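What follows is one structure encoded as structure tokens, with my remarks underneath.
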Amino acid sequence: MIRALFSAASGMNAQQLNVDNIANNIANANTNGFKSRRAQFQDLMYQNMIQPGAAASQQSVVPTGLQLGLGTRSVSNEIIFTQGDFSETDNPLDVVIQGNGFFQIQQTSGQLAYTKSGSFHLNNTGQVVTANGEALQPPITIPQGAQSVTIAADGTVSYTLAGQTAAQQAGQIQLANFANPSGLNSVGDSLFLPTDASGSPITGAPGGQEGMGSLLQGYVEQSNVSVVQEFINLIVSQRAYEANSKVVKAADDMYQQVNNLKQ
Amino acid sequence: MDQISVIAASGLSARMQSLELLANNMANASTNGFKGDGEFYTVYTSEAADADESGVPTTLPMIQRQWTDFAQGLLEPTNNPLDFGLSGKGLFTIQGPSGPLYTRNGNFHISADGTLLASDGLPVLLRDDQPVKLDPTLPVEVSPDGEVKQQGQTLGQLKLVQFKDTSVLLKQGNNYYRNIGDQEPAEAVNTEVHQGNIEGSNVSAAHGAVRLVGVMRQFEMMQKAISISNDMGRKAIEEVAKL
């Protein structure tokens, strides 16, 4: 009986985590380059009340036993790396990756981080940086007075200076990819860090053989959160929470009746 | 104790176990590939009562075993190329630490070295009992019959099995089943792999609520039976003996 209470409580906990996860997805529905997460659950251990194969009598054995499950637990909330929609911005430093690659960002700590969000800016020295001022790797510098900046599908960044007709190359953007992107560690600010589970980054030029995907200038990648889907999940999750709370209530009522047996 | 109370108490404890099974089902309403459990009631007849032909034998209701309802769960599209939903009776084969494990949860991952893993890191097996080795940089395609392909090249076929008698499958936790019978699994028929979908739990909240009401009312009836039997006992002592 106590088992019923704890199983139902584990179910309520799981649904609570599910709602937390849905809330974060919906909150980031307008975050460029955000990738939604989905919570995963597993059933817990089973308690064998009657061991299958135990002797039922001298001649026969129990064909299947009585196993009582002990509830559920949350295992992971994996990142879903599907492509978000592209929206046009006409900003020359907005770039999207049409494929699996990540931009490499040098954090202030010196560590490399990876992002899908390609809204870049120039800092006071003309270097291409993220909204937080962290530099794109390999570093690309656009000199002052550059008239137009062009980022080609293969990552080549070029610009023309005032009064000149020939374009100058500023460098080539390199992308990184991982064996298991779902194993990346989200650190906020749309950045991911590699882990043992994700594997080491494999770098390459956009549009190359490594399947990084090519670049598209003047667009940003919106989040891949489907608000409709999240709302459906929210309803399902809320109902499941309610069902589990009903089980708690039922177990409590039954307990009360047991206590009332002695008048 | 009198017979009514003993029988009703046995019924009470059986309903408690029913509620425990139901609580586990409801708790796993969001577990991918989870299959709900039901219970089998039986009547316990004591051997002494069996032999005694004259009187009413002592029979007690009890739960003998549970059965797992392997009905199809709803396939939910996730757009994740590493989610595989199954339709039909088949099960994925996973390389467990001691022998094969079976699961309906097709939420797989690729390890850093390209092995296809189940959600807790055990390798998924192909028909030749080898783990699936993928090139992590290339997209994966799995056809409905379980053939794993990368860029048109076949890497093998997922080992999908089915059991004639599913009662040999013992729940292990973590969405796994273990084969405890001596029945060899057969190759799954009429089973399709749906890439980019995941099979939800087959527990229905509505069905659970109905069973919950049933269990509670039956519990209440048993409790009433014990109260009545108590009253009768008390009356017998207090009133019949009164002169």
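Residues are referred to by chain and number: the chain letter is A, B, ... according to the order shown in the structure tokens, the number counts from 1 in that chain, and ligands are numbered separately from 1 in the order shown.
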
Taking only C-alpha atoms into account, report as a ChimeraX atom specification which residues of chain A lie within 6 Å of chain B.
/A:1,4,7-8,11,41-45,65-66,68-72,179-180,197-199,244

Could you write out the selected residues, including all heavy atoms, as a compact mmCIF listing (two decimals), in the first residue's frame?
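File part15.txt, as written:
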```
# COMPACT_ATOMS: atom_id res chain seq x y z
N MET A 1 0.84 -1.21 0.00
CA MET A 1 0.00 0.00 0.00
C MET A 1 0.86 1.25 0.00
O MET A 1 0.67 2.16 -0.79
CB MET A 1 -0.86 -0.07 1.25
CG MET A 1 -1.99 0.88 1.25
SD MET A 1 -3.20 0.55 0.02
CE MET A 1 -4.46 1.56 0.74
N ALA A 4 2.05 1.92 -3.31
CA ALA A 4 1.15 2.66 -4.21
C ALA A 4 1.37 4.16 -4.03
O ALA A 4 1.43 4.91 -5.00
CB ALA A 4 -0.30 2.31 -3.93
N SER A 7 4.79 5.02 -5.59
CA SER A 7 4.76 4.92 -7.05
C SER A 7 4.06 6.14 -7.63
O SER A 7 4.54 6.74 -8.59
CB SER A 7 4.00 3.67 -7.49
OG SER A 7 4.70 2.53 -7.12
N ALA A 8 2.93 6.49 -7.03
CA ALA A 8 2.17 7.64 -7.53
C ALA A 8 2.99 8.92 -7.35
O ALA A 8 3.02 9.78 -8.23
CB ALA A 8 0.84 7.76 -6.80
N GLY A 11 5.44 9.22 -10.03
CA GLY A 11 4.77 9.66 -11.26
C GLY A 11 4.53 11.15 -11.25
O GLY A 11 4.71 11.83 -12.26
N PHE A 41 11.50 9.08 -19.75
CA PHE A 41 11.25 8.37 -18.48
C PHE A 41 11.46 6.88 -18.63
O PHE A 41 11.37 6.34 -19.72
CB PHE A 41 9.83 8.66 -18.00
CG PHE A 41 9.56 10.12 -17.83
CD1 PHE A 41 8.87 10.83 -18.80
CD2 PHE A 41 10.05 10.79 -16.73
CE1 PHE A 41 8.66 12.18 -18.67
CE2 PHE A 41 9.84 12.14 -16.59
CZ PHE A 41 9.14 12.84 -17.56
N GLN A 42 11.73 6.24 -17.51
CA GLN A 42 11.85 4.78 -17.49
C GLN A 42 11.11 4.25 -16.28
O GLN A 42 10.94 4.97 -15.29
CB GLN A 42 13.33 4.37 -17.36
CG GLN A 42 14.09 4.51 -18.65
CD GLN A 42 15.50 4.04 -18.52
OE1 GLN A 42 16.01 3.90 -17.42
NE2 GLN A 42 16.14 3.80 -19.63
N ASP A 43 10.71 2.96 -16.36
CA ASP A 43 10.10 2.38 -15.17
C ASP A 43 11.19 1.98 -14.18
O ASP A 43 12.33 1.69 -14.57
CB ASP A 43 9.16 1.21 -15.50
CG ASP A 43 9.76 0.21 -16.46
OD1 ASP A 43 10.87 0.44 -16.93
OD2 ASP A 43 9.12 -0.82 -16.72
N LEU A 44 10.83 1.98 -12.90
CA LEU A 44 11.81 1.66 -11.85
C LEU A 44 11.89 0.15 -11.64
O LEU A 44 11.30 -0.62 -12.38
CB LEU A 44 11.37 2.33 -10.54
CG LEU A 44 11.76 3.80 -10.35
CD1 LEU A 44 11.12 4.31 -9.09
CD2 LEU A 44 13.25 3.93 -10.27
N MET A 45 12.56 -0.24 -10.60
CA MET A 45 12.71 -1.66 -10.25
C MET A 45 11.34 -2.31 -10.02
O MET A 45 10.37 -1.65 -9.72
CB MET A 45 13.48 -1.78 -8.93
CG MET A 45 14.84 -1.22 -8.96
SD MET A 45 15.88 -2.17 -10.01
CE MET A 45 15.95 -3.67 -9.08
N GLY A 65 5.32 -14.88 -12.35
CA GLY A 65 5.21 -14.44 -10.97
C GLY A 65 4.34 -13.23 -10.82
O GLY A 65 3.70 -12.78 -11.77
N LEU A 66 4.33 -12.70 -9.62
CA LEU A 66 3.64 -11.45 -9.36
C LEU A 66 4.71 -10.41 -9.10
O LEU A 66 5.45 -10.50 -8.13
CB LEU A 66 2.71 -11.60 -8.16
CG LEU A 66 2.02 -10.31 -7.71
CD1 LEU A 66 1.19 -9.72 -8.82
CD2 LEU A 66 1.16 -10.57 -6.49
N LEU A 68 5.46 -6.36 -8.63
CA LEU A 68 4.86 -5.04 -8.43
C LEU A 68 5.91 -3.99 -8.75
O LEU A 68 7.00 -4.00 -8.17
CB LEU A 68 4.36 -4.90 -6.99
CG LEU A 68 3.17 -5.80 -6.65
CD1 LEU A 68 2.81 -5.67 -5.19
CD2 LEU A 68 1.97 -5.45 -7.51
N GLY A 69 5.56 -3.11 -9.67
CA GLY A 69 6.50 -2.06 -10.06
C GLY A 69 6.52 -0.96 -9.02
O GLY A 69 5.58 -0.82 -8.24
N LEU A 70 7.60 -0.21 -9.00
CA LEU A 70 7.76 0.81 -7.97
C LEU A 70 7.74 2.23 -8.53
O LEU A 70 8.24 3.14 -7.92
CB LEU A 70 9.05 0.57 -7.18
CG LEU A 70 9.11 -0.78 -6.45
CD1 LEU A 70 10.43 -0.95 -5.75
CD2 LEU A 70 7.98 -0.89 -5.45
N GLY A 71 7.17 2.39 -9.74
CA GLY A 71 7.02 3.75 -10.25
C GLY A 71 7.95 4.08 -11.39
O GLY A 71 8.44 3.19 -12.07
N THR A 72 8.18 5.35 -11.58
CA THR A 72 8.92 5.82 -12.74
C THR A 72 10.05 6.73 -12.31
O THR A 72 10.10 7.19 -11.17
CB THR A 72 7.97 6.56 -13.70
OG1 THR A 72 8.66 6.89 -14.90
CG2 THR A 72 7.45 7.85 -13.08
N ALA A 179 29.97 13.53 -32.86
CA ALA A 179 29.42 12.19 -33.13
C ALA A 179 28.02 12.08 -32.53
O ALA A 179 27.11 11.57 -33.15
CB ALA A 179 30.33 11.13 -32.53
N ASN A 180 27.85 12.57 -31.32
CA ASN A 180 26.58 12.46 -30.62
C ASN A 180 26.20 13.83 -30.07
O ASN A 180 26.44 14.12 -28.90
CB ASN A 180 26.73 11.43 -29.49
CG ASN A 180 25.52 11.36 -28.60
OD1 ASN A 180 24.41 11.70 -29.01
ND2 ASN A 180 25.72 10.93 -27.37
N ALA A 197 30.43 12.06 -23.66
CA ALA A 197 29.33 11.41 -24.39
C ALA A 197 29.19 11.96 -25.80
O ALA A 197 28.84 11.23 -26.72
CB ALA A 197 28.02 11.59 -23.65
N SER A 198 29.45 13.26 -25.98
CA SER A 198 29.27 13.85 -27.31
C SER A 198 30.43 13.50 -28.23
O SER A 198 30.28 13.47 -29.44
CB SER A 198 29.15 15.36 -27.19
OG SER A 198 30.39 15.92 -26.84
N GLY A 199 31.60 13.22 -27.66
CA GLY A 199 32.79 12.98 -28.47
C GLY A 199 33.50 14.30 -28.75
O GLY A 199 32.98 15.38 -28.44
N ASN A 244 -2.20 10.64 -11.29
CA ASN A 244 -1.36 10.13 -10.21
C ASN A 244 -1.82 10.65 -8.85
O ASN A 244 -1.75 9.94 -7.85
CB ASN A 244 0.10 10.51 -10.45
CG ASN A 244 0.77 9.55 -11.41
OD1 ASN A 244 0.92 8.38 -11.11
ND2 ASN A 244 1.13 10.05 -12.57
```

Just want the 8 Å neighbourhood of Gln169 (chain A), counted on only C-alpha atoms, with same-chain residues fewer than 6 positions away dropped. Output as a count of residues only.
4

Mind checking which residues fall within 8 Å of Ser10 (chain B), counting only C-alpha atoms, ignoring those fewer than 5 positions away in the same chain, and posting them as an mmCIF file with N, CA and C atoms, in the first residue's frame?
```cif
data_model
loop_
_atom_site.group_PDB
_atom_site.id
_atom_site.type_symbol
_atom_site.label_atom_id
_atom_site.label_comp_id
_atom_site.auth_asym_id
_atom_site.auth_seq_id
_atom_site.Cartn_x
_atom_site.Cartn_y
_atom_site.Cartn_z
ATOM 1 N N LEU B 60 -9.978 -18.510 -0.397
ATOM 2 C CA LEU B 60 -9.582 -17.119 -0.219
ATOM 3 C C LEU B 60 -9.205 -16.510 -1.559
ATOM 4 N N PRO B 61 -9.723 -15.317 -1.859
ATOM 5 C CA PRO B 61 -9.293 -14.678 -3.104
ATOM 6 C C PRO B 61 -7.875 -14.149 -2.946
ATOM 7 N N MET B 62 -7.067 -14.270 -3.961
ATOM 8 C CA MET B 62 -5.708 -13.704 -3.912
ATOM 9 C C MET B 62 -5.244 -13.411 -5.329
#
```

Contacts of Leu112 (chain A) at 12 Å (only C-alpha atoms; same-chain gap of 2+ positions) as a list in words:
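Counting only C-alpha atoms, the residues come to Phe102, Phe103, Gln104, Ile105, Gln106, Gln107, Thr108, Ser109, Gly110, Tyr114, Thr115, Glu134, Ala135, Leu136, Gln137, Pro138, Ala176, Leu191, Phe192, Leu193, Pro194, Ser200 and Pro201 of chain A.
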
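Closest to Pro131 (chain B) among B:Gln95, B:Tyr102, B:Asp145, B:Ile4 is B:Gln95, based on only C-alpha atoms.
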
I'd like the interatomic distance between CA of Gly118 (chain A) and CA of Gly208 (chain A), to a tenth of an Å.
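These atoms are spaced 18.7 Å apart.
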
Which parts of region 53-248 of chain A does DSSP call alpha helix (DSSP H) when run on the backbone here, written out as a PyMOL selection string?
chain A and resi 227-248

Looking at only C-alpha atoms, which of A:Asp252, A:Asp90, A:Glu78, A:Glu242 is the one that sits closest to Ser186 (chain A)?
A:Glu78

What parts of region 47-104 of chain A does DSSP call strand (DSSP E)? I'd like the answer as a list in words.
Gln47, Asn48, Met49, Ile50, Leu66, Gln67, Leu68, Gly69, Thr72, Arg73, Ser74, Val75, Ser76, Asn77, Glu78, Ile79, Phe86, Ser87, Glu88, Val95, Val96, Ile97, Gln98, Phe102, Phe103 and Gln104 of chain A

Just checking: using only C-alpha atoms, which residue out of B:Gly73, B:Gly146, B:Gly38, B:Gly106 ends up closest to Arg211 (chain B)?
B:Gly38
